[in-house]
Each structure stands twice: as structure tokens, then as C-alpha cells.
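Report on the structure given below.
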Amino acid sequence: MLAIQTQLFEAKDICFGPIDHETNPEIESKWTHDEEFMRLMEIKPVRPLSPEMVKKQYESIEKEMEEDKNLYYFAIQTRENNQFIGKAAIEWIDWINSNGFLRLGIGESEFRRLGLGSQALSMLLRFAFDELNLYRVTAVVPAYNEGAIRLFQKFGFLEEVRRRKAIHRDNEFWDLISFGFLNSEWREQVQGQG
């Protein structure tokens with residue numbers, strides 16, 4: 001019998017869950033009105049969304065997950081009461097070259113800067129490398145998102161590409177940084193912790 005040593009979708013304080021079409025649209029709609037969160041989470045221009053618009057996005061995400069099979073989307077929830085506090089995804093998966101892109105964010109402001117992003121990233125990497133067997137992952141971060149840069153560097157991601165002045169925010173151009181992390185680098189870290 002196979003003995004599973006680690007929980008794939010659980011960390012100390014949070015867990016990954018599916019999209020909840022009843023409660024999540026109302027919550028995520030509020031996040032779209034949070035300029036700080038949206039500008040850290042999104043590279044494209046942002047706008048406030050109604051719960052109905054968020055629900056349509058969820059339907060599109062689920063359709064892409066089912067049909068294209070190159071996206072895995074997770075709701076980040078507290079373990080204590082399954083409160084929806086953020087989102088995480090592995091997207092644009094190129095199965096031939098075994099690459100994927102990571103995105104994550106804690107939408108509920110009272111849960112930010114508590115180390116939950118680290119827990120979410122750890123689960124996302126475990127899923128990417130253990131479950132999907134990806135060779136590498138990439139995270140694309142605007143240079144003004146210092147928290148995300150520190151998080152990815154803490155995990156051992158390396159800066160691979162810096163697109164100079166590639167994103168415009170508040171009358172200023174910012175660099176767009178691509179960080180890469182290999183399956184072998186992750187395995188070395190995991191073995192070093194064991």
C-alpha cells in the first residue's frame with residue numbers, strides 16, 4: 001500500500017480548495033475593488049468586477065481547466081474554517097517542454113504578511129513538481145512588487161529575464177521580472193529540510 005507522507009493540498013494554516021460558485025464571487029468581487037491587491041496580483045490593467053462578472057470568469061477558468069488541461073486553479077482557504085482568502089494557479093502549462101507559470105495572491109487584507117503566501121507557494125510547488133512532474137516553473141513579477149520578489153527569492157527562484165520598463169503604473173514604467181525554478185532545485189531543498 002502507498003504511504004502518502006505529505007498532504008498535497010494542506011499546509012499548517014491554509015489549504016487549497018475548488019472554486020465555490022456560491023460564495024467566492026462575492027468575496028473576490030470585493031478584492032477587485034482593492035487597488036493594492038489588484039496591482040500586485042495582475043499585470044494587465046485592472047478594474048472592479050461585480051460578483052456576476054467574477055462568476056463568469058470562474059466559468060471560463062473551469063472550461064479552460066477541463067478542455068485545454070493547461071491550467072490548475074485553487075482557492076486558498078483557512079484550515080480553521082475554510083474561509084476563502086486568496087487564489088493560486090499553475091497556468092500556461094506547456095506539457096511538451098514541461099513548463100508552467102505560477103500565480104498566487106492573498107486577497108483578504110487581514111491575512112497578508114502572515115506567512116500564508118509562503119505556505120501557498122510551498123503547496124503550489126509540491127503540486128507542480130510532485131503531482132504534475134513539471135521540469136520548471138516561472139513567476140512573472142513587476143519590479144514594484146517587492147514582497148513577491150522576496151518570496152520567490154526566499155524559495156530559491158532565480159531571476160532569468162528582466163524586461164526593462166515593460167509595465168506602466170501611475171505614470172511610471174517598471175521592469176517586469178521573470179523568475180525560474182527547476183524541479184531539481186526544489187528537490188534539493190526538500191531533501192535538505194528532511
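Letters for chains follow the order of the C-alpha cells (A, B, ...), residue numbers begin at 1 for each chain, and ligand numbers begin at 1 in the order shown.
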Contacts of Phe129 (chain A) at 9 Å (only C-alpha atoms; same-chain gap of 4+ positions) as an MDAnalysis selection string: chainID A and resid 124:125 133:137 182:183 186:187
I want to know what sits within 10 Å of Trp95 (chain A), based on only C-alpha atoms, with residues of the same chain fewer than 3 positions away left out; could you give that as a ChimeraX atom specification? /A:69-70,92,98-100,132-135
Near-Gly156 (chain A) list (10 Å; only C-alpha atoms; drop same-chain fewer than 3 positions) as a PyMOL selection string: chain A and resi 150-153+159+179-182+185-186+189
Prev. selection, N, CA and C atoms, output as a PDB file, in the first residue's frame:
ATOM      1  N   ARG A 150      10.790  39.061  -2.882  1.00  0.00           N
ATOM      2  CA  ARG A 150      11.431  38.448  -1.701  1.00  0.00           C
ATOM      3  C   ARG A 150      10.947  37.003  -1.510  1.00  0.00           C
ATOM      4  N   LEU A 151       9.648  36.773  -1.700  1.00  0.00           N
ATOM      5  CA  LEU A 151       9.089  35.426  -1.527  1.00  0.00           C
ATOM      6  C   LEU A 151       9.739  34.448  -2.500  1.00  0.00           C
ATOM      7  N   PHE A 152       9.772  34.785  -3.775  1.00  0.00           N
ATOM      8  CA  PHE A 152      10.342  33.868  -4.756  1.00  0.00           C
ATOM      9  C   PHE A 152      11.841  33.669  -4.534  1.00  0.00           C
ATOM     10  N   GLN A 153      12.553  34.729  -4.184  1.00  0.00           N
ATOM     11  CA  GLN A 153      13.981  34.583  -3.908  1.00  0.00           C
ATOM     12  C   GLN A 153      14.217  33.715  -2.674  1.00  0.00           C
ATOM     13  N   GLU A 159      16.365  35.028 -10.865  1.00  0.00           N
ATOM     14  CA  GLU A 159      15.952  35.989 -11.884  1.00  0.00           C
ATOM     15  C   GLU A 159      16.552  35.541 -13.204  1.00  0.00           C
ATOM     16  N   PHE A 179      11.135  35.024 -12.917  1.00  0.00           N
ATOM     17  CA  PHE A 179      11.915  34.170 -12.031  1.00  0.00           C
ATOM     18  C   PHE A 179      11.662  32.721 -12.406  1.00  0.00           C
ATOM     19  N   GLY A 180      12.706  31.912 -12.416  1.00  0.00           N
ATOM     20  CA  GLY A 180      12.576  30.497 -12.744  1.00  0.00           C
ATOM     21  C   GLY A 180      13.039  29.609 -11.613  1.00  0.00           C
ATOM     22  N   PHE A 181      12.454  28.423 -11.556  1.00  0.00           N
ATOM     23  CA  PHE A 181      12.789  27.450 -10.520  1.00  0.00           C
ATOM     24  C   PHE A 181      12.651  26.063 -11.129  1.00  0.00           C
ATOM     25  N   LEU A 182      13.681  25.236 -10.959  1.00  0.00           N
ATOM     26  CA  LEU A 182      13.698  23.901 -11.551  1.00  0.00           C
ATOM     27  C   LEU A 182      13.258  22.843 -10.542  1.00  0.00           C
ATOM     28  N   GLU A 185      16.094  21.768  -8.356  1.00  0.00           N
ATOM     29  CA  GLU A 185      16.406  22.728  -7.290  1.00  0.00           C
ATOM     30  C   GLU A 185      15.427  22.564  -6.121  1.00  0.00           C
ATOM     31  N   TRP A 186      14.174  22.351  -6.466  1.00  0.00           N
ATOM     32  CA  TRP A 186      13.158  22.147  -5.436  1.00  0.00           C
ATOM     33  C   TRP A 186      13.439  20.857  -4.657  1.00  0.00           C
ATOM     34  N   GLN A 189      16.127  21.282  -2.128  1.00  0.00           N
ATOM     35  CA  GLN A 189      15.627  21.980  -0.945  1.00  0.00           C
ATOM     36  C   GLN A 189      14.839  21.040  -0.040  1.00  0.00           C
TER      37      GLN A 189
END
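Comparing A:Leu176, A:Lys55, A:Leu102, A:His33 by their smallest distance to Phe127 (chain A), the closest is A:Leu102 (using only C-alpha atoms).
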In region 1-188 of chain A, DSSP alpha helix (DSSP H) residues written as a VMD selection string: chain A and resid 24 to 31 35 to 41 51 to 67 116 to 126 146 to 154 183 to 188
CA of Tyr58 (chain A) sits from CA of Arg79 (chain A) at a separation of 22.3 Å
Quick one: everything within 9 Å of Glu52 (chain A), counting only C-alpha atoms, minus sequence neighbours fewer than 3 positions away in the same chain. Send it as a PyMOL selection string. chain A and resi 25-26+29+49+55-57
Please tabulate, as JSON lines, the residues of region 53-90 of chain A that come within 8 Å of region 15-20 of chain A, each with its closest pair of atoms and the distance in Å to one decimal, counting only C-alpha atoms and ordering rows by chain, then residue number upward.
{"residue": "A:Tyr58", "atom": "CA", "partner": "A:Ile19", "partner_atom": "CA", "distance": 7.3}
{"residue": "A:Tyr73", "atom": "CA", "partner": "A:Pro18", "partner_atom": "CA", "distance": 7.6}
{"residue": "A:Phe74", "atom": "CA", "partner": "A:Phe16", "partner_atom": "CA", "distance": 5.6}
{"residue": "A:Ala75", "atom": "CA", "partner": "A:Gly17", "partner_atom": "CA", "distance": 5.0}
{"residue": "A:Ile76", "atom": "CA", "partner": "A:Phe16", "partner_atom": "CA", "distance": 4.9}
{"residue": "A:Gln77", "atom": "CA", "partner": "A:Cys15", "partner_atom": "CA", "distance": 5.4}
{"residue": "A:Thr78", "atom": "CA", "partner": "A:Cys15", "partner_atom": "CA", "distance": 6.2}
{"residue": "A:Arg79", "atom": "CA", "partner": "A:Cys15", "partner_atom": "CA", "distance": 5.8}
{"residue": "A:Asn82", "atom": "CA", "partner": "A:Cys15", "partner_atom": "CA", "distance": 7.9}
Set the distance at 7 Å and use only C-alpha atoms: which residues neighbour Asp175 (chain A) once local chain neighbours fewer than 4 positions away are removed? I'd like the list as a compact mmCIF listing (two decimals) with N, CA and C atoms, in the first residue's frame.
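So around.txt came out as:
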# COMPACT_ATOMS: atom_id res chain seq x y z
N PRO A 142 6.13 42.24 -11.45
CA PRO A 142 6.58 43.62 -11.68
C PRO A 142 7.58 44.03 -10.60
N ALA A 143 8.54 44.86 -10.96
CA ALA A 143 9.61 45.24 -10.03
C ALA A 143 9.08 45.96 -8.79
N ARG A 162 14.75 40.11 -17.30
CA ARG A 162 14.26 41.41 -16.82
C ARG A 162 13.90 42.23 -18.05
N ARG A 163 12.62 42.40 -18.25
CA ARG A 163 12.15 43.24 -19.36
C ARG A 163 12.08 44.67 -18.84
N ARG A 164 13.01 45.47 -19.32
CA ARG A 164 13.14 46.84 -18.83
C ARG A 164 11.92 47.68 -19.21
N LYS A 165 11.40 48.39 -18.21
CA LYS A 165 10.31 49.37 -18.40
C LYS A 165 9.16 48.77 -19.22
N ALA A 166 8.72 47.58 -18.84
CA ALA A 166 7.72 46.85 -19.62
C ALA A 166 6.29 47.00 -19.11
N ILE A 167 6.12 47.60 -17.94
CA ILE A 167 4.77 47.76 -17.40
C ILE A 167 4.61 49.19 -16.89
For Met41 (chain A), work out the shell of residues within 12 Å, counting only C-alpha atoms and skipping chain neighbours fewer than 6 positions away, then give it as a PyMOL selection string. chain A and resi 31-32+34-35+86-89+102-107+139-142+144-145+147-148
Nearest to Ile27 (chain A), chosen from A:Asn171, A:Asn97, A:Asn81, A:Ser109, with only C-alpha atoms counted in the distances: A:Ser109
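Here CA of Phe111 (chain A) and CA of Ala128 (chain A) stand 24.2 Å from one another.
Taking CA of Glu91 (chain A) as the reference point, CA of Gly192 (chain A) is found at 28.0 Å.
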Go through region 91-165 of chain A and collect every residue that DSSP, computed from the backbone, puts in strand (DSSP E or B); the answer should be as a ChimeraX atom specification. /A:91-94,99-106,136-142,158-165
